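S.K.: The structure's right below; bear with me while I get my questions together.
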Amino acid sequence: MYRLFFHLIFKRMDPEQAHHLAFRWIQLAVRLPVLRTFLAAALAPRYKELRTEALGRRMHGPFGLAAGFDKNAVAIDGMTMLGFDHVEIGTVTAQPQPGNPKKRLFRLVPDRALINRMGFNNDGSASVAARLAARNPVFPATVGVNIGKTKAVPEAEATADYVTSTERLGRHADYLVVNVSSPNTPGLRNLQAVDHLRPLLTAVREAADRTVTERRVPLLVKIAPDLADADVDAVADLAVELGLDGIIATNTTIAREGLGLTSDPRLVAETGGLSGAPVKERSLEVLRRLYARVGDKITLIGVGGIENAEDAWQRILAGATLVQGYSAFIYQGPFWCRAIHKGLAARLRNSPYPTLADAVGAEHKKVAA
């Protein structure tokens with residue numbers, strides 16, 4: 001049903017307009033008590049065997065919404081209603097910014113992919129913090145807050161920019177993510193180099209501890225799939241050295257060659273980050289490499305090209321405690337989470353692992369044995 005709707009309506013609309021329309025529908029539905037109760041029951045059935053503990057939180061399952069969909073924390077209840085076990089908002093910057101000029105979001109339908117060069121369009125950390133502070137949750141949810149650098153801020157002042165966002169948002173975050181991997185903010189990916197990343201993460205950690213004294217806010221870093229293997233290893237080692245809580249692997253890619261893209265070459269040539277099915281293989285490679293390096297010392301979140309329960313299951317076996325998706329939601333619609341949860345529960349029941357936690361990283365442990 002949704003796929004027919006997508007091809008008849010959404011596919012004919014500008015992708016960003018379609019996004020905003022879907023957002024309005026989700027927000028409307030969650031405001032109507034009877035409707036939201038019905039939708040949550042239909043779209044978000046719970047499976048006891050999928051209950052997950054990660055980052056100091058207990059969640060209904062391991063599958064969450066990746067950053068980029070709800071940039072301004074306006075639809076957390078709505079996305080929880082649709083079945084996401086955690087919601088990562090953002091990317092949020094210290095200063096409000098409109099993002100890059102439109103048109104900046106493109107669908108590669110034959111490749112089940114998106115290209116975006118949104119440029120961290122968001123209301124700014126002060127406004128988002130106020131919205132989170134005023135939030136009266138309809139559904140309990142784990143909320144991650146993804147922070148990035150304001151475009152107008154020079155690279156030399158990036159740390160102070162991240163610290164400002166941390167001070168404003170840290171108390172409202174179940175976990176914080178330092179995003180240094182978007183390709184759409186000039187110079188941002190330079191911060192992935194360990195020499196830049198170490199002082200940045202140290203300053204954000206200190207700011208979170210200084211601002212939120214009643215608990216420890218988990219801190220993660222999100223990396224790009226385009227990092228060389230040696231750089232992936234360096235980030236993994238740094239995360240362990242600094243006592244980071246986790247790494248998210250991966251963000252979008254700037255690569256186009258070797259991905260088997262079949263969409264219109266004019267679309268493929270658009271600048272920006274490519275997400276969806278074509279990044280699946282490399283994102284899984286990076287995750288495997290990270291787990292081989294850090295094991296169970298920190299939490300890994302797998303994201304990038306997850307389309308179905310089998311993809312999510314493979315990320316868990318490769319070492320991800322949590323998995324996230326976004327692009328496939330555009331193509332598969334509101335029953336997507338339901339299908340992933342059902343499929344994950346079935347795979348766990350048919351596996352040799354007594355719990356989901358036992359399955360995390362199991363492919364590495366099998367090789368070691």
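Scheme for the structure tokens: letters A, B, ... for chains in order shown; per-chain residue numbers from 1; ligand numbers from 1 in order shown.
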Write out as JSON lines the residues of region 10-125 of chain A that have any atom within 7 Å of an atom of region 158-176 of chain A, one row each with the nearest atom pair and its distance in Å to one decimal, counting only C-alpha atoms, sorted by chain and then rising number.

M.R.:
{"residue": "A:Thr93", "atom": "CA", "partner": "A:Ser165", "partner_atom": "CA", "distance": 6.5}
{"residue": "A:Ala94", "atom": "CA", "partner": "A:Ser165", "partner_atom": "CA", "distance": 5.0}
{"residue": "A:Ser125", "atom": "CA", "partner": "A:Ser165", "partner_atom": "CA", "distance": 5.5}

S.K.: Write a file of the selected residues as a PDB file, in the first residue's frame, keeping C-alpha atoms.

M.R.:
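The result, stored in selection-v4.pdb:
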ATOM      1  CA  THR A  93      24.584  23.588  15.643  1.00  0.00           C
ATOM      2  CA  ALA A  94      25.341  26.313  18.178  1.00  0.00           C
ATOM      3  CA  SER A 125      21.032  24.740  20.029  1.00  0.00           C
TER       4      SER A 125
END

S.K.: Please extract the residues of region 103-263 of chain A with a backbone DSSP assignment of alpha helix (DSSP H) and present them as a PyMOL selection string.

M.R.: chain A and resi 125-134+158-169+194-211+229-242

S.K.: Could you list, as a count of residues only, every residue within 12 Å of Asn116 (chain A), counting only C-alpha atoms and ignoring same-chain residues fewer than 6 positions away?

M.R.: 33

S.K.: Report as a ChimeraX atom specification all protein, DNA and RNA residues lying within 8 Å of Val232 (chain A), evaluated on only C-alpha atoms, omitting residues in the same chain fewer than 4 positions from it.

M.R.: /A:227-228,236,286,289-290

S.K.: Restricting it to N, CA and C atoms, dump the selection as a PDB file, in the first residue's frame.

M.R.:
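Resulting contents of part36.pdb:
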ATOM      1  N   LEU A 227      36.622   7.135   5.566  1.00  0.00           N
ATOM      2  CA  LEU A 227      37.908   7.073   6.266  1.00  0.00           C
ATOM      3  C   LEU A 227      38.714   5.871   5.795  1.00  0.00           C
ATOM      4  N   ALA A 228      40.025   6.060   5.642  1.00  0.00           N
ATOM      5  CA  ALA A 228      40.912   4.934   5.363  1.00  0.00           C
ATOM      6  C   ALA A 228      40.920   4.003   6.571  1.00  0.00           C
ATOM      7  N   ALA A 236      39.199   4.499  16.633  1.00  0.00           N
ATOM      8  CA  ALA A 236      38.836   3.462  17.607  1.00  0.00           C
ATOM      9  C   ALA A 236      39.757   3.515  18.816  1.00  0.00           C
ATOM     10  N   VAL A 286      33.321  -1.064   7.996  1.00  0.00           N
ATOM     11  CA  VAL A 286      33.851  -0.177   9.038  1.00  0.00           C
ATOM     12  C   VAL A 286      33.434  -0.678  10.421  1.00  0.00           C
ATOM     13  N   ARG A 289      35.480  -3.640  11.422  1.00  0.00           N
ATOM     14  CA  ARG A 289      36.846  -3.232  11.771  1.00  0.00           C
ATOM     15  C   ARG A 289      36.881  -2.592  13.162  1.00  0.00           C
ATOM     16  N   LEU A 290      35.876  -1.780  13.459  1.00  0.00           N
ATOM     17  CA  LEU A 290      35.817  -1.154  14.774  1.00  0.00           C
ATOM     18  C   LEU A 290      35.685  -2.200  15.880  1.00  0.00           C
TER      19      LEU A 290
END

S.K.: DSSP on the backbone, strand (DSSP E or B) only: what residues of region 17-181 of chain A does that give? Format it as a ChimeraX atom specification.

M.R.: /A:52-54,57-59,63-65,86-92,97,105-108,113-116,122,142-147,175-179

S.K.: Counting only C-alpha atoms, what are the residues of region 4-94 of chain A within 12 Å of region 307-312 of chain A, and for each of them which pair of atoms is the nearest and at what distance in Å, to one decimal? Sort the table by chain and rising number, as JSON lines.

M.R.:
{"residue": "A:Gly61", "atom": "CA", "partner": "A:Ala312", "partner_atom": "CA", "distance": 11.5}
{"residue": "A:Pro62", "atom": "CA", "partner": "A:Ala312", "partner_atom": "CA", "distance": 9.0}
{"residue": "A:Phe63", "atom": "CA", "partner": "A:Ala312", "partner_atom": "CA", "distance": 8.0}
{"residue": "A:Gly64", "atom": "CA", "partner": "A:Ala312", "partner_atom": "CA", "distance": 10.7}

S.K.: Excluding Thr80 (chain A) and residues on its chain fewer than 6 positions from it, collect all residues at most 9 Å away from it, counting only C-alpha atoms, and give them as number ranges by chain.

M.R.: A: 40, 44, 64, 86-87, 139-141

S.K.: I want to know what sits within 10 Å of region 278-281 of chain A, based on only C-alpha atoms, with residues of the same chain fewer than 5 positions away left out; could you give that as a list in words?

M.R.: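 Final neighbour list, sorted by chain and number: Asp111, Arg112, Ala113, Leu114, Pro225, Thr250, Asn251, Thr252, Thr253, Ala255, Arg256, Gly258, Leu259, Gly260, Leu261, Val286, Val303, Gly304, Gly305, Ile306, Glu307 and Asp311 of chain A.
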
S.K.: Go through A:Gly83, A:Gly56, A:Gly319, A:Pro154 and flag the residue nearest Asp245 (chain A), using only C-alpha atoms for the distances.

M.R.: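 Selected residue with least distance to Asp245 (chain A): A:Gly56.
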
S.K.: Need to verify the contact set: Val30 (chain A), 12 Å, only C-alpha atoms, exclusion of same-chain residues closer than 4 positions in sequence. Can you return it as a list in words?

M.R.: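 So, after excluding close chain neighbours, the residues are Phe23, Arg24, Trp25, Ile26, Val34, Leu35, Arg36, Thr37, Phe38, Leu39, Ala40, Val74, Ala75, Ile76, Asp77, Gly78, Met79, Thr80, Met81, Leu82, Pro137, Val138 and Phe139 of chain A.
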